[in-house]
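Engineer: Below you'll find query.cif; it's mmCIF, C-alpha atoms.
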data_data
loop_
_atom_site.label_atom_id
_atom_site.label_comp_id
_atom_site.auth_asym_id
_atom_site.auth_seq_id
_atom_site.Cartn_x
_atom_site.Cartn_y
_atom_site.Cartn_z
CA MET A 145 219.64 94.47 55.88
CA THR A 146 221.17 92.48 58.72
CA GLU A 147 220.04 88.87 58.34
CA PRO A 148 217.29 87.89 60.79
CA PHE A 149 218.20 85.32 63.39
CA PRO A 150 216.28 82.06 63.02
CA LEU A 151 213.21 81.48 65.18
CA PRO A 152 214.12 79.68 68.40
CA THR A 153 213.84 75.90 68.17
CA VAL A 154 210.69 74.67 69.89
CA ARG A 155 211.72 71.61 71.90
CA SER A 156 215.22 72.36 73.16
CA PRO A 157 216.62 72.28 76.68
CA GLU A 158 216.39 75.30 78.95
CA ARG A 159 219.71 76.95 78.24
CA GLN A 160 219.61 76.53 74.48
CA THR A 161 216.05 77.88 74.35
CA LEU A 162 216.95 80.96 76.40
CA GLU A 163 220.06 81.71 74.34
CA GLU A 164 218.17 81.29 71.07
CA PHE A 165 215.35 83.58 72.19
CA LEU A 166 217.88 86.20 73.28
CA ASP A 167 219.70 86.06 69.95
CA TYR A 168 216.42 86.22 68.09
CA SER A 169 215.41 89.31 70.08
CA ARG A 170 218.77 90.94 69.41
CA GLY A 171 218.30 90.34 65.69
CA VAL A 172 214.81 91.83 65.63
CA PHE A 173 216.02 94.84 67.57
CA ILE A 174 219.09 95.77 65.55
CA ARG A 175 217.27 95.32 62.23
CA LYS A 176 214.97 98.17 63.30
CA ALA A 177 218.02 100.45 63.03
CA ASP A 178 219.14 99.13 59.63
CA GLU A 179 219.25 101.45 56.63
CA ILE A 180 218.07 104.62 58.33
CA ASP A 181 220.07 107.84 58.58
CA ASP A 182 221.11 109.89 61.60
CA GLN A 183 218.16 112.21 61.24
CA GLN A 184 215.66 109.36 61.05
CA ALA A 185 217.33 107.80 64.09
CA ARG A 186 216.34 110.91 66.03
CA LEU A 187 212.64 110.84 65.12
CA ARG A 188 210.19 110.54 68.03
CA VAL A 189 206.48 109.67 68.16
CA GLY A 190 203.60 110.94 70.24
CA ALA A 191 204.58 112.28 73.65
CA SER A 192 207.58 109.96 74.11
CA ASP A 193 211.20 111.09 74.02
CA LEU A 194 212.47 107.68 72.88
CA ASP A 195 214.17 107.37 69.50
CA LEU A 196 216.13 104.65 67.72
CA LEU A 197 219.51 106.32 68.32
CA GLY A 198 218.82 106.44 72.05
CA LEU A 199 217.50 102.88 72.10
CA VAL A 200 220.55 101.41 70.34
CA ARG A 201 222.89 103.29 72.68
CA HIS A 202 220.77 102.11 75.60
CA MET A 203 220.90 98.43 74.63
CA ALA A 204 224.67 98.57 74.04
CA GLY A 205 224.96 99.84 77.61
CA VAL A 206 222.48 97.26 78.94
CA GLU A 207 224.48 94.41 77.37
CA ARG A 208 227.72 95.73 78.84
CA PHE A 209 226.19 96.38 82.25
CA TRP A 210 224.56 92.98 82.70
CA PHE A 211 227.05 90.62 81.12
CA SER A 212 230.35 92.39 81.74
CA GLN A 213 230.00 94.66 84.75
CA ALA A 214 227.37 92.67 86.69
CA LEU A 215 227.79 89.00 85.71
CA ASP A 216 231.57 89.04 85.60
CA GLY A 217 232.29 92.05 87.81
CA SER A 218 234.45 93.71 85.16
CA ASP A 219 235.50 97.34 85.39
CA ASP A 220 234.67 98.02 81.75
CA PRO A 221 233.69 101.70 81.51
CA ASP A 222 230.20 102.80 80.47
CA PHE A 223 229.87 103.46 76.75
CA TRP A 224 228.23 106.84 77.04
CA SER A 225 228.67 109.96 79.12
CA ASN A 226 226.95 113.32 79.08
CA PRO A 227 229.63 116.04 78.70
CA ASN A 228 227.27 118.58 80.29
CA ASP A 229 226.44 116.39 83.27
CA PRO A 230 228.93 113.67 84.27
CA ALA A 231 226.44 112.28 86.83
CA ASP A 232 223.70 111.78 84.19
CA GLU A 233 222.60 108.12 84.43
CA ASP A 234 220.58 108.43 81.22
CA ALA A 235 223.51 109.55 79.08
CA ASP A 236 222.61 106.80 76.59
CA PHE A 237 219.40 108.68 75.77
CA HIS A 238 221.01 112.12 76.04
CA TYR A 239 223.26 112.11 73.01
CA GLY A 240 224.76 115.20 71.37
CA PRO A 241 224.32 116.61 67.86
CA GLY A 242 227.53 114.94 66.66
CA ASP A 243 226.68 111.45 67.92
CA THR A 244 225.96 108.95 65.17
CA LEU A 245 223.88 105.83 64.73
CA ALA A 246 226.91 104.10 63.17
CA ASP A 247 228.88 104.54 66.41
CA ALA A 248 225.93 103.30 68.45
CA VAL A 249 225.48 100.21 66.28
CA ALA A 250 229.23 99.46 66.43
CA ALA A 251 229.16 99.73 70.22
CA TRP A 252 226.14 97.44 70.33
CA HIS A 253 227.84 94.79 68.15
CA SER A 254 230.95 94.87 70.31
CA ALA A 255 228.92 94.60 73.52
CA VAL A 256 226.93 91.65 72.13
CA ALA A 257 230.06 89.81 70.98
CA ASP A 258 231.58 90.29 74.43
CA ALA A 259 228.34 89.20 76.13
CA ARG A 260 228.16 85.97 74.10
CA GLU A 261 231.73 85.12 75.02
CA ARG A 262 231.12 85.80 78.69
CA VAL A 263 227.92 83.73 78.82
CA SER A 264 229.60 80.79 77.11
CA ALA A 265 232.29 80.82 79.81
CA HIS A 266 229.66 80.10 82.48
CA ALA A 267 228.89 76.40 82.77
CA SER A 268 225.71 76.78 84.81
CA LEU A 269 222.57 78.89 84.67
CA ASP A 270 222.76 78.91 88.46
CA ASP A 271 225.95 81.04 88.33
CA VAL A 272 225.19 84.40 89.87
CA THR A 273 226.27 87.96 89.13
CA ALA A 274 229.49 89.10 90.75
CA ILE A 275 227.71 92.17 92.12
CA ASP A 276 224.45 92.83 93.92
CA VAL A 277 221.78 94.41 91.72
CA GLY A 278 218.63 96.40 92.27
CA PRO A 279 216.57 99.35 91.07
CA PRO A 280 218.25 102.69 90.22
CA ASP A 281 217.33 104.17 93.60
CA ASN A 282 218.80 101.22 95.50
CA PRO A 283 221.23 99.44 93.18
CA ALA A 284 222.26 96.62 95.53
CA ARG A 285 218.81 95.92 96.97
CA TYR A 286 218.14 92.47 95.53
CA GLY A 287 221.55 90.90 95.85
CA PRO A 288 223.09 88.76 93.11
CA ARG A 289 220.93 87.38 90.27
CA SER A 290 221.39 84.07 88.45
CA LEU A 291 222.40 83.75 84.81
CA ARG A 292 218.99 82.09 84.26
CA TRP A 293 217.25 85.20 85.56
CA LEU A 294 219.54 87.43 83.54
CA LEU A 295 218.78 85.71 80.23
CA VAL A 296 215.01 85.94 80.79
CA HIS A 297 215.35 89.56 81.83
CA MET A 298 217.34 90.42 78.69
CA ILE A 299 214.72 88.73 76.48
CA GLU A 300 211.92 90.83 77.96
CA GLU A 301 214.03 94.00 77.99
CA TYR A 302 214.76 93.60 74.28
CA ALA A 303 211.14 92.73 73.51
CA ARG A 304 209.78 95.80 75.26
CA HIS A 305 212.22 98.08 73.47
CA CYS A 306 211.42 96.29 70.20
CA GLY A 307 207.85 97.43 70.82
CA HIS A 308 209.07 101.01 71.07
CA ALA A 309 211.26 100.48 67.99
CA ASP A 310 208.29 99.03 66.04
CA MET A 311 206.34 102.27 66.42
CA LEU A 312 209.38 104.44 65.63
CA ARG A 313 210.40 102.53 62.52
CA GLU A 314 206.87 102.34 61.16
CA THR A 315 206.62 106.12 61.52
CA ILE A 316 210.01 106.63 59.82
CA ASP A 317 209.43 104.62 56.67
CA GLY A 318 206.52 102.23 57.12
CA VAL A 319 208.71 99.16 57.79
CA VAL A 320 207.02 96.74 60.22
CA GLY A 321 207.57 93.24 61.60
CA ASP A 322 210.66 91.25 62.45
CA MET B 116 186.80 105.18 90.77
CA THR B 117 188.49 102.45 88.81
CA GLU B 118 190.56 99.93 90.73
CA ILE B 119 194.08 99.67 89.35
CA THR B 120 195.62 96.21 89.56
CA GLN B 121 198.57 96.05 91.95
CA LEU B 122 201.98 95.14 90.58
CA PRO B 123 203.09 91.64 91.53
CA LEU B 124 206.45 91.05 93.14
CA ASP B 125 209.19 92.85 91.21
CA PRO B 126 210.87 90.28 88.93
CA GLU B 127 214.23 91.13 90.51
CA GLN B 128 212.91 89.72 93.78
CA LEU B 129 211.80 86.41 92.35
CA PRO B 130 213.56 83.18 93.15
CA ALA B 131 215.93 82.75 90.20
CA GLY B 132 216.86 79.12 90.66
CA ASP B 133 213.67 77.43 89.51
CA GLU B 134 212.93 77.54 85.79
CA ALA B 135 209.15 77.15 86.02
CA ALA B 136 208.73 79.67 88.84
CA LEU B 137 210.91 82.17 87.02
CA LEU B 138 209.14 81.91 83.66
CA LEU B 139 205.65 81.91 85.15
CA SER B 140 206.43 84.91 87.34
CA PHE B 141 207.89 86.95 84.47
CA LEU B 142 204.81 86.12 82.41
CA GLU B 143 202.56 87.13 85.30
CA TRP B 144 204.49 90.38 85.63
CA TYR B 145 203.85 91.32 82.00
CA ARG B 146 200.19 90.28 82.12
CA VAL B 147 199.75 92.77 84.93
CA ILE B 148 201.74 95.50 83.15
CA LEU B 149 199.51 95.28 80.08
CA ILE B 150 196.36 95.31 82.22
CA ARG B 151 197.66 98.34 84.13
CA LYS B 152 198.37 100.16 80.83
CA ALA B 153 194.69 99.63 79.95
CA GLU B 154 193.08 100.40 83.31
CA GLY B 155 191.77 103.81 84.29
CA ILE B 156 191.73 105.15 80.75
CA SER B 157 188.72 106.66 78.99
CA GLU B 158 187.08 104.81 76.10
CA ALA B 159 188.40 107.60 73.86
CA GLY B 160 191.90 107.13 75.28
CA SER B 161 191.69 103.39 74.63
CA ARG B 162 191.27 104.20 70.92
CA VAL B 163 194.17 106.65 70.58
CA CYS B 164 196.61 105.56 67.87
CA LEU B 165 199.89 106.86 66.50
CA PRO B 166 199.56 106.75 62.70
CA PRO B 167 200.63 105.13 60.50
CA SER B 168 200.36 102.35 63.13
CA GLU B 169 196.80 101.17 63.70
CA LEU B 170 197.52 99.84 67.17
CA THR B 171 195.38 101.02 70.08
CA LEU B 172 195.28 99.99 73.74
CA LEU B 173 191.84 98.46 73.17
CA GLY B 174 193.15 96.51 70.19
CA LEU B 175 196.18 95.28 72.17
CA VAL B 176 194.06 93.98 75.06
CA ARG B 177 191.74 92.16 72.64
CA HIS B 178 194.77 90.81 70.80
CA MET B 179 196.38 89.39 73.95
CA ALA B 180 193.07 87.75 74.94
CA GLU B 181 193.20 85.99 71.55
CA VAL B 182 196.88 85.09 71.99
CA GLU B 183 196.28 83.57 75.45
CA ARG B 184 193.27 81.70 74.10
CA SER B 185 195.07 80.42 71.07
CA TRP B 186 198.16 79.17 72.94
CA PHE B 187 196.63 77.77 76.08
CA ARG B 188 193.16 76.64 75.06
CA ARG B 189 193.53 75.61 71.43
CA ARG B 190 197.18 74.63 71.13
CA PHE B 191 198.34 73.57 74.59
CA THR B 192 195.17 71.77 75.69
CA ALA B 193 193.36 71.08 72.39
CA GLN B 194 190.18 72.82 73.52
CA ASP B 195 187.62 73.72 70.90
CA ALA B 196 187.72 77.47 71.50
CA PRO B 197 186.91 79.61 68.46
CA PRO B 198 188.41 83.09 68.17
CA LEU B 199 186.69 85.86 70.10
CA TYR B 200 187.28 88.75 67.74
CA TYR B 201 188.79 87.69 64.46
CA SER B 202 187.41 85.64 61.61
CA ASP B 203 188.11 84.63 58.04
CA GLU B 204 186.50 87.91 56.94
CA ASP B 205 188.76 89.99 59.18
CA GLU B 206 191.87 88.14 60.30
CA ASP B 207 192.91 91.16 62.38
CA GLY B 208 189.48 91.63 63.93
CA ASP B 209 191.03 91.81 67.40
CA PHE B 210 192.66 95.08 66.30
CA HIS B 211 189.43 96.41 64.76
CA PRO B 212 186.93 97.05 67.56
CA THR B 213 183.58 98.57 66.62
CA ASP B 214 182.20 101.74 68.23
CA THR B 215 180.24 99.72 70.77
CA ASP B 216 183.13 97.51 71.95
CA THR B 217 184.48 98.53 75.35
CA MET B 218 187.71 98.21 77.29
CA THR B 219 185.71 96.83 80.21
CA ASP B 220 184.60 93.87 78.09
CA ALA B 221 188.07 93.39 76.58
CA LEU B 222 189.72 93.31 80.01
CA ALA B 223 187.13 90.81 81.26
CA ALA B 224 187.90 88.59 78.27
CA LEU B 225 191.65 88.88 78.81
CA ARG B 226 191.31 88.06 82.52
CA ALA B 227 189.22 84.97 81.72
CA GLU B 228 191.83 83.70 79.26
CA ILE B 229 194.64 84.39 81.74
CA ALA B 230 192.79 82.48 84.47
CA TYR B 231 192.49 79.45 82.22
CA ALA B 232 196.15 79.64 81.21
CA GLN B 233 197.25 79.88 84.85
CA GLN B 234 195.21 76.82 85.68
CA VAL B 235 196.57 74.61 82.89
CA THR B 236 200.21 75.61 83.34
CA ALA B 237 200.47 75.26 87.14
CA GLY B 238 202.72 72.40 88.11
CA VAL B 239 203.27 71.25 84.51
CA PRO B 240 206.84 70.27 83.52
CA MET B 241 208.57 72.71 81.17
CA ASP B 242 209.24 69.93 78.65
CA ALA B 243 205.51 69.17 78.27
CA LEU B 244 204.46 69.57 74.65
CA ALA B 245 201.50 71.42 73.18
CA THR B 246 198.94 68.82 72.12
CA ALA B 247 197.26 70.50 69.18
CA ILE B 248 198.72 72.89 66.68
CA PRO B 249 196.60 73.30 63.56
CA PRO B 250 198.55 72.57 60.37
CA THR B 251 198.27 76.17 59.23
CA GLN B 252 199.95 77.38 62.40
CA ARG B 253 202.75 74.85 62.66
CA ILE B 254 206.13 76.35 63.26
CA ALA B 255 209.43 74.71 62.42
CA GLY B 256 209.87 71.60 64.50
CA TRP B 257 206.14 71.26 65.35
CA GLN B 258 204.80 70.92 68.89
CA PRO B 259 206.56 73.47 71.05
CA SER B 260 207.34 72.74 74.69
CA LEU B 261 205.68 74.67 77.50
CA ARG B 262 209.12 76.23 78.08
CA TRP B 263 209.08 77.65 74.54
CA ILE B 264 205.49 78.84 74.84
CA LEU B 265 206.12 80.64 78.12
CA ILE B 266 209.25 82.43 76.88
CA HIS B 267 207.41 83.34 73.69
CA MET B 268 204.49 84.70 75.72
CA ILE B 269 206.87 86.80 77.84
CA GLU B 270 208.43 88.41 74.77
CA GLU B 271 205.04 88.76 73.05
CA TYR B 272 203.59 90.59 76.06
CA ALA B 273 206.75 92.66 76.55
CA ARG B 274 206.77 93.79 72.93
CA HIS B 275 203.12 94.78 73.05
CA CYS B 276 203.75 96.53 76.37
CA GLY B 277 206.34 98.57 74.45
CA HIS B 278 203.56 99.57 72.03
CA ALA B 279 201.27 100.22 75.00
CA ASP B 280 203.92 102.44 76.63
CA LEU B 281 203.81 104.88 73.72
CA LEU B 282 200.01 104.69 73.30
CA ARG B 283 199.27 105.31 76.98
CA GLN B 284 201.77 108.16 77.13
CA ALA B 285 200.15 109.72 74.04
CA ALA B 286 196.66 109.26 75.53
CA ASP B 287 197.18 110.75 78.98
CA GLY B 288 200.89 111.20 79.68
CA SER B 289 201.24 108.15 81.98
CA VAL B 290 204.53 106.24 81.75
CA GLY B 291 206.24 103.32 83.51
CA ASP B 292 205.03 100.00 84.88
#
Could you quickly redo this structure as structure tokens?
Structural biologist:
Amino acid sequence: MTEPFPLPTVRSPERQTLEEFLDYSRGVFIRKADEIDDQQARLRVGASDLDLLGLVRHMAGVERFWFSQALDGSDDPDFWSNPNDPADEDADFHYGPGDTLADAVAAWHSAVADARERVSAHASLDDVTAIDVGPPDNPARYGPRSLRWLLVHMIEEYARHCGHADMLRETIDGVVGD
Amino acid sequence: MTEITQLPLDPEQLPAGDEAALLLSFLEWYRVILIRKAEGISEAGSRVCLPPSELTLLGLVRHMAEVERSWFRRRFTAQDAPPLYYSDEDEDGDFHPTDTDTMTDALAALRAEIAYAQQVTAGVPMDALATAIPPTQRIAGWQPSLRWILIHMIEEYARHCGHADLLRQAADGSVGD
């Protein structure tokens, strides 16, 4: 198994606390996809169409979007595309039969390594994204967001998807917890 | 007709320059999301689970009432506030409602704990330390700051909202915030 990240230290300054919580959340998340096969990664529960393969692809894309494309304004391409529908904005969740968990996890690791490097190059949490951001139906609506906001957002985004991953992994093989 | 709690300001619209305002508003956002996942559902729907997980929407609301109570009454302000639902006999009693327990009561309990937490965190510096952590619950480094507690609460709520997403969708097909 991937080693768990340590629990965030409890009396640290703002930036250190945010970065430690984000790394902790990343560790919890990716461990949910450890030691399962490509079929297990496609298992779904209840009425939801989420699965671990889709979630790992999604979070690789989220890391690249927020830290590379948004924060630094890079023109890094999206990781995933839907060959049947080039305009599909949910291509991360719409994988094909030949797509593998190993490729998704590798993409995630590379996006996280890049994100850490980019964050460390910003001296201030008040630095703002190079692009305006907003909801899918109005992507520039809210203007630029600060790095402070971005770190908190990533922590809650990971945590919510870890909740989905908890239910999926427990159904796959009974593994629970962090 | 059940009133459904309105969403607060979208987090993307919040002022992002002030640490306390940002953390408190994200926490408020997730408190409302969990409450909305639990509102307007039948008592039967509140007990739907996805085996092998034992989690239910009713259990999650009771659990978060305990979590709010434990962090903000017992640990942050050293109030003598015994658990509402769990005990030495059943340490996961929050997740084990009886047939007569209701979502209405659980939501009232959660709202009361949230109101207390809002009151004792307003205007408090983020470096303020929790005053009372029982020895059995001490985490590495002892005495977390309010900053740590708030970020932890955000990720705790968000993770349980992830559970609630799948439970609510299984119960009646509803998705989203």
Engineer: As an exercise, work out the distance from CA of Arg304 in chain A to CA of Leu149 in chain B in Å and give it to one decimal place.
Structural biologist: 11.4 Å
Engineer: Please provide as a ChimeraX atom specification all residues within 8 Å of Gly190 in chain A, with the sequence filter that same-chain residues fewer than 5 positions apart are discarded (counting only C-alpha atoms).
Structural biologist: /B:165,281-282,284-285
Engineer: Could you tell me, as a PDB file with C-alpha atoms, in the coordinates of the input, exactly which residues end up selected when the PyMOL selection byres ((chain B) within 6 of (chain A)) is applied to this structure?
Structural biologist:
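File produced: part-v2.pdb:
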ATOM      1  CA  ALA B 131     215.930  82.750  90.200  1.00  0.00           C
ATOM      2  CA  PRO B 259     206.560  73.470  71.050  1.00  0.00           C
ATOM      3  CA  SER B 260     207.340  72.740  74.690  1.00  0.00           C
ATOM      4  CA  TRP B 263     209.080  77.650  74.540  1.00  0.00           C
ATOM      5  CA  GLU B 270     208.430  88.410  74.770  1.00  0.00           C
ATOM      6  CA  ALA B 273     206.750  92.660  76.550  1.00  0.00           C
ATOM      7  CA  ARG B 274     206.770  93.790  72.930  1.00  0.00           C
ATOM      8  CA  HIS B 275     203.120  94.780  73.050  1.00  0.00           C
ATOM      9  CA  GLY B 277     206.340  98.570  74.450  1.00  0.00           C
ATOM     10  CA  HIS B 278     203.560  99.570  72.030  1.00  0.00           C
ATOM     11  CA  ALA B 285     200.150 109.720  74.040  1.00  0.00           C
TER      12      ALA B 285
END
Engineer: Applying 12 Å and all atoms listed in the file, which residues near Arg283 in chain B remain after dropping the ones on its own chain fewer than 2 positions away? List them as a ChimeraX atom specification.
Structural biologist: /A:190-192 /B:148-157,159-165,170-173,175,275-281,285-292
Engineer: I want to know what sits within 7 Å of range 223-240 of chain A, based on all atoms listed in the file, with residues of the same chain fewer than 2 positions away left out; could you give that as a list in words?
Structural biologist: Gly198, Arg201, His202, Gly205, Pro221, Gly242 and Asp243 of chain A
Engineer: Starting from the point (201.2, 71.0, 71.2), work out which residues of protein, DNA or RNA have an atom no more than 9 Å away when counting all atoms listed in the file; state them as a list in words.
Structural biologist: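 Every polymer residue passing the test: Trp186, Arg189, Arg190, Phe191, Thr192, Ala193, Ala243, Leu244, Ala245, Thr246, Ala247, Ile248, Trp257, Gln258, Pro259, Ser260 and Leu261 of chain B.
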Engineer: May I have the residues within 8 Å of range 225-235 of chain B as a PyMOL selection string, using only C-alpha atoms and disregarding those fewer than 3 positions away in the same chain?
Structural biologist: chain B and resi 176-177+179-181+183-184+187-188+192+221-222+239
Engineer: CA of Pro150 in chain A to CA of Glu164 in chain A: how many Å, to one decimal?
Structural biologist: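 Going from CA of Pro150 in chain A over to CA of Glu164 in chain A, I get 8.3 Å.
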Engineer: Considering all atoms listed in the file, can you say which of A:Ser254, A:Thr244, A:Gln160, A:Ser212 comes closest to Ile275 in chain A?
Structural biologist: A:Ser212
Engineer: To one decimal place in Å, what is the distance between CA of Phe149 in chain A and CA of Pro240 in chain B?
Structural biologist: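 If I compute the distance from CA of Phe149 in chain A to CA of Pro240 in chain B, I get 27.6 Å.
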Engineer: Would you translate the PyMOL selection byres ((chain A and resi 258) around 12) into the concrete set of residues it matches in this file, as an NGL selection string?
Structural biologist: :A and (204 or 207-213 or 215-216 or 218 or 220 or 251-257 or 259-265)
Engineer: Just checking: using only C-alpha atoms, which residue out of B:Thr219, B:Tyr272, B:Ser185, B:Arg262 ends up closest to Glu118 in chain B?
Structural biologist: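 The shortest atom-to-atom distance to Glu118 in chain B comes from B:Thr219.
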Engineer: Which residue gives the smallest distance to His178 in chain B among B:Tyr145, B:Ala196, B:Asp125, B:Glu271, with all atoms listed in the file counted?
Structural biologist: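 Distance minimum relative to His178 in chain B lands on B:Glu271.
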Engineer: Of the candidates B:Pro167, B:Pro197, B:Gly174, B:Pro126, which one gets nearest to Phe210 in chain B if we count all atoms listed in the file?
Structural biologist: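 Of B:Pro167, B:Pro197, B:Gly174, B:Pro126, the one nearest Phe210 in chain B, counting all atoms listed in the file, is B:Gly174.
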